[in-house]
>>> print(open('start.cif').read())   # mmCIF, C-alpha atoms
data_run
loop_
_atom_site.label_atom_id
_atom_site.label_comp_id
_atom_site.auth_asym_id
_atom_site.auth_seq_id
_atom_site.Cartn_x
_atom_site.Cartn_y
_atom_site.Cartn_z
CA GLU A 1 -15.13 1.46 31.30
CA THR A 2 -17.81 -0.35 29.29
CA ASN A 3 -18.45 -3.31 31.64
CA ILE A 4 -17.98 -5.59 28.63
CA HIS A 5 -15.45 -8.41 28.57
CA ILE A 6 -13.91 -9.24 25.18
CA THR A 7 -12.03 -12.42 24.42
CA PHE A 8 -9.74 -11.93 21.43
CA ASP A 9 -9.22 -14.90 19.12
CA VAL A 10 -6.00 -13.65 17.53
CA ALA A 11 -4.68 -14.73 14.14
CA THR A 12 -1.29 -13.82 12.74
CA ALA A 13 -1.23 -12.22 9.31
CA THR A 14 -0.18 -15.47 7.65
CA ASP A 15 -2.95 -17.45 9.38
CA TRP A 16 -5.70 -14.86 9.05
CA ALA A 17 -7.34 -16.10 5.84
CA THR A 18 -7.28 -19.73 6.96
CA LYS A 19 -8.79 -19.03 10.38
CA LEU A 20 -11.41 -16.73 8.89
CA ASN A 21 -12.47 -19.29 6.28
CA LEU A 22 -12.66 -22.06 8.88
CA MET A 23 -14.90 -19.88 10.99
CA LEU A 24 -17.15 -19.00 8.05
CA VAL A 25 -17.74 -22.62 7.04
CA SER A 26 -18.14 -23.91 10.60
CA GLY A 27 -21.41 -22.17 11.34
CA GLU A 28 -20.00 -21.05 14.68
CA TYR A 29 -19.12 -17.41 14.30
CA ASN A 30 -17.20 -14.97 16.45
CA ASP A 31 -19.42 -12.06 17.52
CA ILE A 32 -17.04 -9.58 15.89
CA VAL A 33 -14.55 -9.98 13.08
CA MET A 34 -11.89 -7.28 13.09
CA ASN A 35 -8.94 -6.68 10.78
CA ARG A 36 -7.83 -3.17 9.99
CA ASP A 37 -6.77 -4.14 6.46
CA GLY A 38 -10.03 -5.92 5.71
CA ASN A 39 -8.07 -8.84 4.28
CA GLY A 40 -10.00 -11.94 3.36
CA VAL A 41 -13.49 -10.62 4.21
CA ASP A 42 -15.72 -11.00 1.15
CA VAL A 43 -18.63 -8.80 2.17
CA GLU A 44 -20.59 -9.54 -0.99
CA GLU A 45 -20.51 -13.29 -0.39
CA TYR A 46 -20.77 -13.42 3.38
CA GLY A 47 -22.84 -10.30 3.93
CA VAL A 48 -25.11 -9.70 0.94
CA VAL A 49 -25.52 -13.35 -0.12
CA GLN A 50 -25.05 -15.57 2.94
CA LYS A 51 -25.96 -12.88 5.50
CA ILE A 52 -23.35 -14.07 8.01
CA PHE A 53 -22.46 -10.41 8.59
CA VAL A 54 -25.27 -7.96 9.36
CA PRO A 55 -25.82 -4.49 7.89
CA LEU A 56 -24.59 -1.78 10.23
CA ASP A 57 -26.32 1.33 8.88
CA ASP A 58 -29.11 1.45 11.49
CA LEU A 59 -26.73 0.50 14.31
CA ILE A 60 -24.34 3.27 13.26
CA ALA A 61 -27.12 5.85 13.15
CA GLU A 62 -28.55 4.95 16.56
CA TYR A 63 -25.66 3.66 18.67
CA MET A 64 -22.44 5.05 17.23
CA PRO A 65 -22.34 8.85 17.66
CA ILE A 66 -18.55 9.16 17.62
CA TYR A 67 -18.18 7.22 14.39
CA SER A 68 -21.11 9.08 12.82
CA GLU A 69 -19.55 12.45 13.67
CA ARG A 70 -16.21 11.44 12.14
CA VAL A 71 -17.85 10.08 9.00
CA ALA A 72 -19.77 13.33 8.59
CA MET A 73 -16.46 15.21 8.34
CA ASP A 74 -15.88 13.60 4.93
CA PRO A 75 -18.60 11.14 3.86
CA SER A 76 -16.75 10.28 0.65
CA ILE A 77 -14.20 8.28 2.67
CA VAL A 78 -16.75 5.56 3.48
CA GLU A 79 -18.29 5.26 0.02
CA SER A 80 -15.87 2.38 -0.53
CA LEU A 81 -17.60 0.38 2.21
CA LYS A 82 -21.01 0.15 0.56
CA ALA A 83 -21.98 -3.25 -0.78
CA SER A 84 -23.91 -3.91 -3.99
CA ASP A 85 -27.22 -3.77 -2.06
CA GLY A 86 -26.39 -0.23 -0.89
CA GLN A 87 -25.83 -1.28 2.71
CA THR A 88 -22.73 -1.07 4.87
CA TYR A 89 -21.52 -4.26 6.54
CA SER A 90 -18.26 -3.03 8.02
CA MET A 91 -17.01 -0.09 10.02
CA GLY A 92 -14.16 1.75 8.38
CA TYR A 93 -10.51 2.17 9.31
CA ILE A 94 -8.39 5.11 8.23
CA VAL A 95 -5.50 7.27 9.35
CA ALA A 96 -5.66 10.11 6.84
CA GLN A 97 -2.31 11.75 6.07
CA ASP A 98 -2.94 13.35 2.67
CA ILE A 99 -0.41 11.21 0.79
CA HIS A 100 -0.76 9.46 -2.54
CA CYS A 101 1.83 6.70 -2.80
CA GLY A 102 3.70 4.09 -0.84
CA ASN A 103 7.43 3.63 -1.38
CA MET A 104 9.22 6.51 -3.09
CA ASP A 105 12.58 6.74 -4.87
CA PHE A 106 15.67 7.83 -2.94
CA ILE A 107 19.21 8.20 -4.26
CA ASN A 108 22.48 8.46 -2.38
CA LYS A 109 23.31 12.17 -2.62
CA THR A 110 26.64 11.62 -0.83
CA TRP A 111 27.71 9.30 -3.63
CA LEU A 112 26.55 11.81 -6.24
CA GLU A 113 28.64 14.48 -4.55
CA ASN A 114 31.65 12.18 -4.15
CA LEU A 115 31.67 11.50 -7.88
CA GLY A 116 30.63 14.97 -9.05
CA LEU A 117 27.38 13.71 -10.57
CA GLU A 118 24.11 15.55 -11.15
CA MET A 119 20.68 14.28 -10.14
CA PRO A 120 19.48 12.09 -13.03
CA GLU A 121 16.30 13.09 -14.86
CA THR A 122 16.10 10.36 -17.52
CA VAL A 123 16.57 6.60 -17.56
CA ASP A 124 19.71 6.99 -19.67
CA GLU A 125 21.18 9.45 -17.16
CA LEU A 126 20.26 7.15 -14.28
CA THR A 127 21.92 4.21 -16.00
CA GLU A 128 25.14 6.17 -16.27
CA VAL A 129 24.90 7.19 -12.62
CA LEU A 130 24.50 3.56 -11.60
CA ARG A 131 27.53 2.61 -13.70
CA ALA A 132 29.54 5.28 -11.93
CA PHE A 133 28.34 3.98 -8.56
CA ARG A 134 29.53 0.51 -9.59
CA ASP A 135 32.96 1.48 -10.94
CA GLN A 136 34.24 4.53 -9.06
CA ASP A 137 34.27 3.61 -5.36
CA ALA A 138 31.24 5.79 -4.69
CA ASN A 139 31.30 5.26 -0.92
CA GLY A 140 35.00 6.17 -0.78
CA ASN A 141 36.18 3.22 1.31
CA GLY A 142 38.91 2.17 -1.11
CA ASP A 143 36.99 -0.86 -2.40
CA ALA A 144 35.50 -0.16 -5.82
CA GLY A 145 33.57 -3.42 -5.81
CA ASP A 146 31.45 -3.36 -2.64
CA GLU A 147 28.73 -0.94 -3.77
CA TYR A 148 25.21 -1.95 -4.76
CA PRO A 149 24.17 0.75 -7.25
CA PHE A 150 20.48 -0.27 -7.10
CA GLU A 151 19.49 -2.05 -3.87
CA ALA A 152 15.99 -3.50 -3.56
CA VAL A 153 13.75 -6.47 -3.04
CA LEU A 154 12.22 -7.82 -6.25
CA LYS A 155 8.86 -6.09 -5.93
CA ASP A 156 10.40 -2.67 -5.32
CA PHE A 157 12.83 -3.24 -8.18
CA TYR A 158 10.22 -3.96 -10.81
CA LYS A 159 7.64 -1.45 -9.57
CA MET A 160 10.17 1.37 -9.55
CA SER A 161 11.62 0.38 -12.92
CA LEU A 162 8.21 0.04 -14.56
CA SER A 163 7.17 3.47 -13.30
CA PHE A 164 10.02 5.05 -15.27
CA PHE A 165 8.41 3.65 -18.43
CA GLY A 166 4.95 4.97 -17.62
CA VAL A 167 3.62 1.76 -16.04
CA PRO A 168 2.06 2.23 -12.57
CA GLU A 169 2.25 -1.43 -11.54
CA ASN A 170 0.42 -2.82 -8.51
CA ASP A 171 -0.38 -6.20 -6.99
CA GLN A 172 -3.57 -6.63 -9.05
CA TRP A 173 -1.75 -5.89 -12.35
CA VAL A 174 -4.31 -3.43 -13.76
CA SER A 175 -4.53 0.35 -13.98
CA ILE A 176 -6.78 3.02 -15.49
CA ASP A 177 -5.77 5.35 -18.30
CA ASP A 178 -6.69 9.04 -18.56
CA ASP A 179 -9.88 8.13 -20.45
CA ALA A 180 -11.10 5.88 -17.62
CA GLN A 181 -10.30 2.70 -19.52
CA VAL A 182 -9.01 -0.27 -17.55
CA ARG A 183 -5.93 -2.00 -18.94
CA LEU A 184 -3.72 -4.90 -18.01
CA ASN A 185 -0.38 -3.28 -17.25
CA ALA A 186 1.58 -6.10 -18.86
CA ARG A 187 0.03 -5.11 -22.18
CA MET A 188 1.10 -1.48 -21.94
CA GLU A 189 3.61 -0.18 -24.44
CA GLY A 190 6.37 0.44 -21.90
CA TYR A 191 6.26 -2.96 -20.22
CA ARG A 192 8.66 -4.80 -22.49
CA ASP A 193 11.07 -1.86 -22.61
CA ALA A 194 11.10 -1.77 -18.81
CA LEU A 195 11.82 -5.50 -18.61
CA GLU A 196 14.70 -5.11 -21.03
CA TRP A 197 16.12 -2.26 -18.95
CA MET A 198 15.87 -4.36 -15.79
CA HIS A 199 17.78 -7.14 -17.57
CA LEU A 200 20.47 -4.66 -18.58
CA LEU A 201 20.88 -3.60 -14.94
CA TYR A 202 21.08 -7.22 -13.81
CA GLU A 203 23.49 -8.23 -16.57
CA GLU A 204 25.81 -5.31 -15.88
CA GLY A 205 25.75 -5.71 -12.12
CA LEU A 206 23.97 -2.39 -11.61
CA VAL A 207 21.36 -4.00 -9.38
CA ASP A 208 22.10 -6.33 -6.48
CA GLN A 209 22.46 -9.83 -7.95
CA GLU A 210 20.37 -11.17 -5.04
CA VAL A 211 17.40 -8.99 -6.04
CA LEU A 212 15.34 -11.99 -7.11
CA THR A 213 15.48 -13.74 -3.75
CA GLN A 214 16.43 -11.37 -0.93
CA ASP A 215 14.04 -9.94 1.62
CA SER A 216 13.87 -6.52 3.24
CA THR A 217 16.16 -7.62 6.09
CA ASN A 218 18.96 -8.28 3.60
CA VAL A 219 18.34 -4.94 1.91
CA ASP A 220 18.38 -3.03 5.20
CA SER A 221 21.64 -4.71 6.24
CA LYS A 222 23.41 -3.58 3.06
CA LEU A 223 21.84 -0.16 3.31
CA LEU A 224 23.04 0.34 6.88
CA GLU A 225 26.54 -0.74 5.84
CA GLY A 226 26.67 2.29 3.53
CA ARG A 227 26.68 0.19 0.34
CA ALA A 228 23.42 1.24 -1.38
CA GLY A 229 23.00 3.85 -4.09
CA LEU A 230 19.34 3.82 -5.21
CA ILE A 231 16.57 2.55 -2.93
CA ALA A 232 12.80 2.46 -2.52
CA ARG A 233 11.55 3.66 0.87
CA TRP A 234 8.37 4.92 2.49
CA ARG A 235 10.36 7.80 4.00
CA LEU A 236 13.76 8.48 5.58
CA LEU A 237 13.00 9.70 9.10
CA SER A 238 11.99 7.19 11.79
CA HIS A 239 12.19 4.29 9.39
CA GLY A 240 14.99 2.22 10.83
CA ILE A 241 17.83 3.75 8.79
CA ASP A 242 18.87 6.68 10.97
CA GLU A 243 22.57 5.85 10.62
CA VAL A 244 22.54 6.52 6.87
CA LYS A 245 19.43 8.62 6.27
CA ASP A 246 21.41 11.82 5.72
CA ASP A 247 23.16 10.23 2.74
CA PHE A 248 19.93 10.03 0.78
CA THR A 249 17.59 12.45 -0.91
CA LEU A 250 14.31 12.11 -2.77
CA MET A 251 14.60 11.39 -6.48
CA VAL A 252 11.73 12.32 -8.77
CA PRO A 253 10.96 9.25 -10.93
CA VAL A 254 13.01 9.54 -14.12
CA ASN A 255 11.49 9.35 -17.60
CA ALA A 256 12.50 6.75 -20.14
CA GLU A 257 12.79 8.06 -23.68
CA GLY A 258 9.31 8.32 -25.18
CA TYR A 259 7.53 7.81 -21.86
CA SER A 260 6.33 9.88 -18.89
CA ALA A 261 6.92 8.36 -15.48
CA LYS A 262 3.79 7.22 -13.61
CA MET A 263 3.61 5.75 -10.12
CA ASN A 264 0.97 3.55 -8.59
CA THR A 265 -1.20 6.14 -6.85
CA THR A 266 -3.07 5.40 -3.64
CA MET A 267 -6.29 6.92 -2.35
CA GLU A 268 -7.09 7.60 1.28
CA VAL A 269 -10.40 5.85 1.75
CA ALA A 270 -11.66 3.73 4.61
CA THR A 271 -10.86 0.04 4.57
CA PRO A 272 -13.20 -2.54 6.15
CA CYS A 273 -12.26 -3.13 9.77
CA ALA A 274 -15.01 -4.36 12.10
CA LEU A 275 -17.98 -6.55 11.21
CA ILE A 276 -20.76 -8.01 13.38
CA THR A 277 -22.00 -11.54 12.73
CA CYS A 278 -25.58 -12.75 12.61
CA THR A 279 -25.19 -14.92 15.73
CA ASN A 280 -24.10 -12.00 17.91
CA GLU A 281 -26.80 -11.79 20.61
CA TYR A 282 -26.01 -8.18 21.51
CA PRO A 283 -25.54 -6.15 18.30
CA GLU A 284 -26.62 -2.87 19.92
CA ILE A 285 -24.18 -3.26 22.82
CA THR A 286 -21.47 -4.38 20.37
CA ALA A 287 -22.03 -1.25 18.28
CA ARG A 288 -21.71 0.96 21.36
CA TRP A 289 -18.53 -0.87 22.41
CA LEU A 290 -16.98 -0.45 18.95
CA ASP A 291 -17.91 3.22 18.97
CA ASN A 292 -16.20 3.64 22.34
CA LEU A 293 -12.91 2.47 20.76
CA LEU A 294 -12.97 5.70 18.76
CA GLU A 295 -13.11 8.03 21.76
CA THR A 296 -9.95 10.11 21.42
CA GLN A 297 -8.07 8.77 24.44
CA THR A 298 -9.03 5.18 23.70
CA ALA A 299 -8.24 5.55 20.01
CA TYR A 300 -4.69 6.75 20.61
CA GLU A 301 -4.06 4.15 23.32
CA GLY A 302 -5.34 1.46 20.98
CA TYR A 303 -3.07 2.73 18.22
CA TYR A 304 0.10 3.69 20.14
CA GLY A 305 -0.23 2.13 23.60
CA PRO A 306 -0.61 3.67 27.09
CA GLU A 307 -0.39 7.43 27.47
CA GLY A 308 3.06 8.39 28.70
CA GLU A 309 4.94 5.62 26.88
CA ILE A 310 5.10 6.23 23.13
CA TRP A 311 2.87 9.31 23.23
CA SER A 312 1.50 11.98 25.57
CA TYR A 313 -0.56 15.17 25.41
CA ASN A 314 1.42 18.35 24.75
CA GLU A 315 0.74 21.90 25.92
CA ASN A 316 -1.73 22.34 23.07
CA GLY A 317 -3.77 19.38 24.22
CA LYS A 318 -2.78 17.30 21.20
CA ALA A 319 -1.51 13.74 21.24
CA GLU A 320 2.20 13.85 20.42
CA ILE A 321 4.72 11.11 19.68
CA GLY A 322 7.91 11.20 21.76
CA PRO A 323 11.36 11.79 20.28
CA GLU A 324 11.93 8.06 19.73
CA GLY A 325 9.13 7.93 17.14
CA ASP A 326 6.37 5.35 16.94
CA GLN A 327 8.45 2.30 16.06
CA GLY A 328 8.04 0.89 19.59
CA GLY A 329 4.27 1.02 19.53
CA THR A 330 3.84 -2.68 18.96
CA ALA A 331 5.37 -3.35 22.38
CA TYR A 332 2.28 -1.84 23.96
CA ALA A 333 -0.56 -1.75 21.48
CA PRO A 334 -2.39 -4.56 19.67
CA GLY A 335 -2.99 -2.11 16.85
CA VAL A 336 -4.57 -4.62 14.51
CA ASN A 337 -7.06 -5.55 17.23
CA SER A 338 -8.26 -2.01 17.68
CA LEU A 339 -10.38 0.37 15.65
CA PHE A 340 -9.12 3.72 14.43
CA TYR A 341 -11.09 6.14 12.28
CA GLY A 342 -9.23 9.39 11.72
CA PRO A 343 -10.29 11.61 8.82
CA ALA A 344 -7.86 14.43 8.17
CA GLU A 345 -9.95 17.12 9.91
CA TRP A 346 -10.13 15.19 13.18
CA TYR A 347 -6.62 13.80 12.94
CA PHE A 348 -4.92 17.16 12.57
CA GLU A 349 -7.12 18.67 15.32
CA THR A 350 -6.13 16.04 17.86
CA PHE A 351 -2.63 14.96 16.79
CA GLU A 352 0.65 16.85 16.66
CA VAL A 353 1.93 15.59 13.33
CA PRO A 354 5.53 14.40 13.79
CA ASP A 355 8.36 15.43 11.54
CA TYR A 356 8.49 12.10 9.71
CA ARG A 357 4.88 12.42 8.59
CA LEU A 358 5.45 16.01 7.51
CA GLU A 359 8.47 14.71 5.62
CA LYS A 360 6.33 12.22 3.70
CA ALA A 361 3.76 14.92 2.90
CA GLU A 362 6.49 17.21 1.55
CA TYR A 363 7.76 14.44 -0.69
CA ASP A 364 4.23 13.85 -1.85
CA ASP A 365 3.89 17.51 -2.85
CA ILE A 366 7.06 17.20 -4.94
CA TYR A 367 5.72 14.15 -6.76
CA THR A 368 2.38 15.86 -7.29
CA GLU A 369 4.13 18.85 -8.85
CA ALA A 370 6.16 16.50 -11.06
CA GLY A 371 2.95 14.97 -12.43
CA VAL A 372 3.84 11.35 -11.68
CA TYR A 373 0.48 10.45 -10.13
CA GLU A 374 -2.38 8.86 -12.07
CA THR A 375 -5.52 10.74 -13.11
CA TYR A 376 -7.58 7.73 -12.09
CA PRO A 377 -5.70 5.75 -9.44
CA ALA A 378 -6.14 2.00 -9.64
CA ASP A 379 -7.59 2.28 -6.13
CA TYR A 380 -10.85 3.23 -7.87
CA LEU A 381 -11.02 -0.49 -8.70
CA PHE A 382 -9.80 -1.80 -5.36
CA LYS A 383 -11.41 0.65 -2.93
CA LEU A 384 -14.28 2.54 -4.55
CA VAL A 385 -16.17 0.39 -7.03
CA THR A 386 -18.69 -2.15 -5.80
CA LEU A 387 -18.20 -5.68 -7.06
CA THR A 388 -20.88 -8.35 -7.01
CA SER A 389 -20.18 -11.79 -5.63
CA ASP A 390 -20.03 -13.21 -9.17
CA GLU A 391 -17.59 -10.50 -10.23
CA ASN A 392 -15.37 -11.21 -7.24
CA THR A 393 -15.44 -14.89 -8.14
CA THR A 394 -14.32 -14.14 -11.70
CA LEU A 395 -11.52 -11.86 -10.53
CA ASN A 396 -10.25 -14.35 -7.97
CA LEU A 397 -10.44 -17.12 -10.55
CA HIS A 398 -8.02 -15.33 -12.85
CA LEU A 399 -5.82 -13.39 -10.42
CA THR A 400 -3.69 -16.34 -9.31
CA ASP A 401 -2.92 -17.45 -12.87
CA LEU A 402 -2.16 -13.91 -13.98
CA THR A 403 0.06 -13.33 -10.95
CA ASN A 404 2.02 -16.50 -11.65
CA LEU A 405 2.48 -15.65 -15.33
CA ILE A 406 3.49 -12.04 -14.77
CA THR A 407 5.86 -12.62 -11.87
CA GLU A 408 7.50 -15.50 -13.73
CA MET A 409 7.93 -13.30 -16.80
CA ILE A 410 9.44 -10.53 -14.71
CA SER A 411 11.94 -12.87 -13.03
CA ASN A 412 12.91 -14.64 -16.25
CA SER A 413 13.28 -11.36 -18.11
CA ILE A 414 15.55 -9.93 -15.44
CA MET A 415 17.81 -12.96 -15.64
CA THR A 416 17.79 -13.80 -19.36
CA GLY A 417 16.24 -10.86 -21.19
CA VAL A 418 13.27 -10.67 -23.55
CA THR A 419 13.00 -12.05 -27.08
CA ASP A 420 10.21 -11.65 -29.59
CA ASP A 421 9.27 -15.29 -29.03
CA SER A 422 9.18 -15.03 -25.23
CA TRP A 423 7.21 -11.79 -25.38
CA ASN A 424 4.64 -13.15 -27.85
CA THR A 425 4.25 -16.34 -25.83
CA PHE A 426 3.74 -14.27 -22.70
CA GLN A 427 1.03 -12.19 -24.33
CA ASN A 428 -0.76 -15.29 -25.61
CA ASN A 429 -0.56 -16.90 -22.18
CA LEU A 430 -2.12 -13.80 -20.61
CA THR A 431 -5.08 -14.20 -22.93
CA GLY A 432 -5.33 -17.87 -22.04
CA ALA A 433 -5.30 -17.02 -18.34
CA GLY A 434 -8.41 -14.87 -18.72
CA ALA A 435 -6.86 -11.42 -18.93
CA ASP A 436 -9.71 -10.12 -21.13
CA ASP A 437 -12.42 -11.25 -18.71
CA TYR A 438 -10.39 -9.93 -15.79
CA VAL A 439 -10.14 -6.46 -17.32
CA ALA A 440 -13.78 -6.52 -18.46
CA VAL A 441 -15.07 -7.13 -14.92
CA TYR A 442 -13.14 -4.17 -13.58
CA GLN A 443 -14.22 -2.01 -16.53
CA ALA A 444 -17.90 -2.78 -15.97
CA ALA A 445 -17.61 -2.00 -12.26
CA LEU A 446 -15.77 1.26 -12.96
CA ASP A 447 -18.35 2.32 -15.53
CA ARG A 448 -21.14 1.74 -13.01
CA TYR A 449 -19.31 3.73 -10.37
CA LEU A 450 -18.52 6.71 -12.61
CA ALA A 451 -22.09 6.78 -13.96
CA ASP A 452 -23.37 7.31 -10.40
CA GLN A 453 -21.02 10.19 -9.61
#
>>> encode(input="start.cif", output="structure tokens")
Amino acid sequence: ETNIHITFDVATATDWATKLNLMLVSGEYNDIVMNRDGNGVDVEEYGVVQKIFVPLDDLIAEYMPIYSERVAMDPSIVESLKASDGQTYSMGYIVAQDIHCGNMDFINKTWLENLGLEMPETVDELTEVLRAFRDQDANGNGDAGDEYPFEAVLKDFYKMSLSFFGVPENDQWVSIDDDAQVRLNARMEGYRDALEWMHLLYEEGLVDQEVLTQDSTNVDSKLLEGRAGLIARWRLLSHGIDEVKDDFTLMVPVNAEGYSAKMNTTMEVATPCALITCTNEYPEITARWLDNLLETQTAYEGYYGPEGEIWSYNENGKAEIGPEGDQGGTAYAPGVNSLFYGPAEWYFETFEVPDYRLEKAEYDDIYTEAGVYETYPADYLFKLVTLTSDENTTLNLHLTDLTNLITEMISNSIMTGVTDDSWNTFQNNLTGAGADDYVAVYQAALDRYLADQ
């Protein structure tokens, strides 16, 4: 259609950062760099400072009418893409669904009914429910010892548990309080109490004893065997657990005594996706080609595969997923090698939203009503604020050490508990790892951002 031939130099997720860095230091650049998650692309360093990537603002205005029209539907979505010099070096990627969190909490309602238990609302009530799941043959198969009251991988286990104690943990370990002050989560009041509760669950066999090492495949296997009581999941429908999905129901995060549950809250903003390098001899043609990827037919084929396989147009002229759901899309579509920009207005005009996405939105409404979302999501720091190259360097310098300290503390606490000595040593080690500088960088960036709003 475009008379342009593209050769894709494909990197797997695990190799992406290595291949990107090798390209950046080689001096021989691909014409386009594309990754829908934006992983590993430091726009400040390689755009603003080294100018390996070129600003796209003029190209967007002149050669990208489709993208410009979509952006105009909600310009706030692309504010996250602006660099410190005010220019935009990357096209955005978004599939807006009006949701505010990732994995949610689900409890086995069949087990609750089997044992005559009510939905728990506090950590103490949940603890008793998990004990009943452990002791009373909750799945009714005659074996009182084959249930996993709390079934999860490590990250889901500690993120869910911390949320019950008011800690909205994430992979960068910081959050923002209601007064717009950045804090290291591991210094929040509820952190130690949450660690002690996780140890109690581990010690009493209320959480799978393989929680520290197992992966999602192990979790799914036990879940599909009908042996799981409490789980973390994105949703229930079309998520690979159809055999047991009817056993589960959404659980509003419970409150520990003295705390109000808070979940890590996401924001729907565009992530960096496609960048053009300085050695590209045809930036105008490249811009037009990228824009063509967003034409409705091309966009859905790039996302889901050929029309008539996973999706087709319905009688209303909207793209609609077939009854099998979208799980087979990867058989047809190199989704990570395509560009998709779908603000909510366009998305709902052109797409027949399937039941599993409506399901997620309904759950989200319940959590919103329950007040478990943050006033200032940590995504302000990760998606909205603009960080200079020096600030990024400082953050990256400390993140690895902080990650190692915190994850080691979580694992050790689950296994052996928390003492005053171990807690005080942990806090001192956080300071030594640069926690204060880490928080200060994010605070300065947030203050700048809020001052401009």
>>> closest_residue(input="start.cif", among="A:Pro272, A:Gly240, A:Gly328, A:Gly166", to="Glu257 (chain A)", atoms="only C-alpha atoms")
A:Gly166
>>> atom_distance(input="start.cif", atom1="CA of His239 (chain A)", atom2="CA of Tyr202 (chain A)")
27.4 Å
>>> closest_residue(input="start.cif", among="A:Tyr259, A:Thr271, A:Glu324, A:Tyr191", to="Asp242 (chain A)", atoms="all atoms listed in the file")
A:Glu324
>>> residues_near_point(input="start.cif", point="(-9.5, 4.4, 2.4)", cutoff="8 Å", atoms="only C-alpha atoms", output="MDAnalysis selection string")
chainID A and resid 77:78 80 93:94 267:271 383
>>> atom_distance(input="start.cif", atom1="CA of Ile107 (chain A)", atom2="CA of Asp124 (chain A)")
15.5 Å
>>> resolve_selection(input="start.cif", expression="the PyMOL selection byres ((chain A and resi 385) around 8)", output="list in words")
Ser80, Tyr380, Leu381, Phe382, Lys383, Leu384, Thr386, Leu387, Ala445, Leu446, Arg448 and Tyr449 of chain A
>>> atom_distance(input="start.cif", atom1="CA of Ile321 (chain A)", atom2="CA of Asp364 (chain A)")
21.7 Å
>>> residues_around(input="start.cif", residues="Leu206 (chain A)", least_positions_apart="6", cutoff="8 Å", atoms="only C-alpha atoms", output="list of chain:residue names")
A:Leu130, A:Arg131, A:Arg134, A:Tyr148, A:Pro149, A:Phe150
>>> resolve_selection(input="start.cif", expression="the PyMOL selection byres ((chain A and resi 246-249) around 7)", output="list of chain:residue names")
A:Phe106, A:Ile107, A:Asn108, A:Lys109, A:Thr110, A:Val244, A:Lys245, A:Leu250, A:Met251
>>> resolve_selection(input="start.cif", expression="the PyMOL selection byres ((chain A and resi 160) around 10)", output="PyMOL selection string")
chain A and resi 103-105+152+154-159+161-165+167-169+194+231-232+253-254+261-264
>>> closest_residue(input="start.cif", among="A:Thr296, A:Thr265, A:Thr217, A:Gln453", to="Glu79 (chain A)", atoms="all atoms listed in the file")
A:Gln453
>>> closest_residue(input="start.cif", among="A:Met73, A:Met34, A:Leu56, A:Ala11", to="Pro283 (chain A)", atoms="all atoms listed in the file")
A:Leu56
>>> residues_around(input="start.cif", residues="region 284-286 of chain A", least_positions_apart="2", cutoff="12 Å", atoms="only C-alpha atoms", output="ChimeraX atom specification")
/A:2-6,31-33,54,56-64,274-277,280-282,288-293
>>> closest_residue(input="start.cif", among="A:Ser413, A:Thr425, A:Thr14, A:Thr388", to="Ser84 (chain A)", atoms="all atoms listed in the file")
A:Thr388
>>> residues_near_point(input="start.cif", point="(-7.5, -11.5, -19.7)", cutoff="12 Å", atoms="only C-alpha atoms", output="PyMOL selection string")
chain A and resi 173-174+182-187+394-395+397-399+401-403+405+426-442
>>> write_last_selection(input="start.cif", atoms="C-alpha atoms", output="short mmCIF file (atom, residue, chain, number, x, y, z; two decimals), in the frame of the given file")
data_model
loop_
_atom_site.label_atom_id
_atom_site.label_comp_id
_atom_site.auth_asym_id
_atom_site.auth_seq_id
_atom_site.Cartn_x
_atom_site.Cartn_y
_atom_site.Cartn_z
CA TRP A 173 -1.75 -5.89 -12.35
CA VAL A 174 -4.31 -3.43 -13.76
CA VAL A 182 -9.01 -0.27 -17.55
CA ARG A 183 -5.93 -2.00 -18.94
CA LEU A 184 -3.72 -4.90 -18.01
CA ASN A 185 -0.38 -3.28 -17.25
CA ALA A 186 1.58 -6.10 -18.86
CA ARG A 187 0.03 -5.11 -22.18
CA THR A 394 -14.32 -14.14 -11.70
CA LEU A 395 -11.52 -11.86 -10.53
CA LEU A 397 -10.44 -17.12 -10.55
CA HIS A 398 -8.02 -15.33 -12.85
CA LEU A 399 -5.82 -13.39 -10.42
CA ASP A 401 -2.92 -17.45 -12.87
CA LEU A 402 -2.16 -13.91 -13.98
CA THR A 403 0.06 -13.33 -10.95
CA LEU A 405 2.48 -15.65 -15.33
CA PHE A 426 3.74 -14.27 -22.70
CA GLN A 427 1.03 -12.19 -24.33
CA ASN A 428 -0.76 -15.29 -25.61
CA ASN A 429 -0.56 -16.90 -22.18
CA LEU A 430 -2.12 -13.80 -20.61
CA THR A 431 -5.08 -14.20 -22.93
CA GLY A 432 -5.33 -17.87 -22.04
CA ALA A 433 -5.30 -17.02 -18.34
CA GLY A 434 -8.41 -14.87 -18.72
CA ALA A 435 -6.86 -11.42 -18.93
CA ASP A 436 -9.71 -10.12 -21.13
CA ASP A 437 -12.42 -11.25 -18.71
CA TYR A 438 -10.39 -9.93 -15.79
CA VAL A 439 -10.14 -6.46 -17.32
CA ALA A 440 -13.78 -6.52 -18.46
CA VAL A 441 -15.07 -7.13 -14.92
CA TYR A 442 -13.14 -4.17 -13.58
#
>>> closest_residue(input="start.cif", among="A:Val123, A:Ala17, A:Ala96, A:Ile176", to="Asp379 (chain A)", atoms="all atoms listed in the file")
A:Ile176
>>> residues_around(input="start.cif", residues="Tyr332 (chain A)", least_positions_apart="5", cutoff="8 Å", atoms="all atoms listed in the file", output="ChimeraX atom specification")
/A:304-306
>>> residues_around(input="start.cif", residues="region 220-225 of chain A", least_positions_apart="2", cutoff="8 Å", atoms="all atoms listed in the file", output="list in words")
Glu151, Ser216, Thr217, Asn218, Arg227, Ala228, Ile241, Glu243 and Val244 of chain A
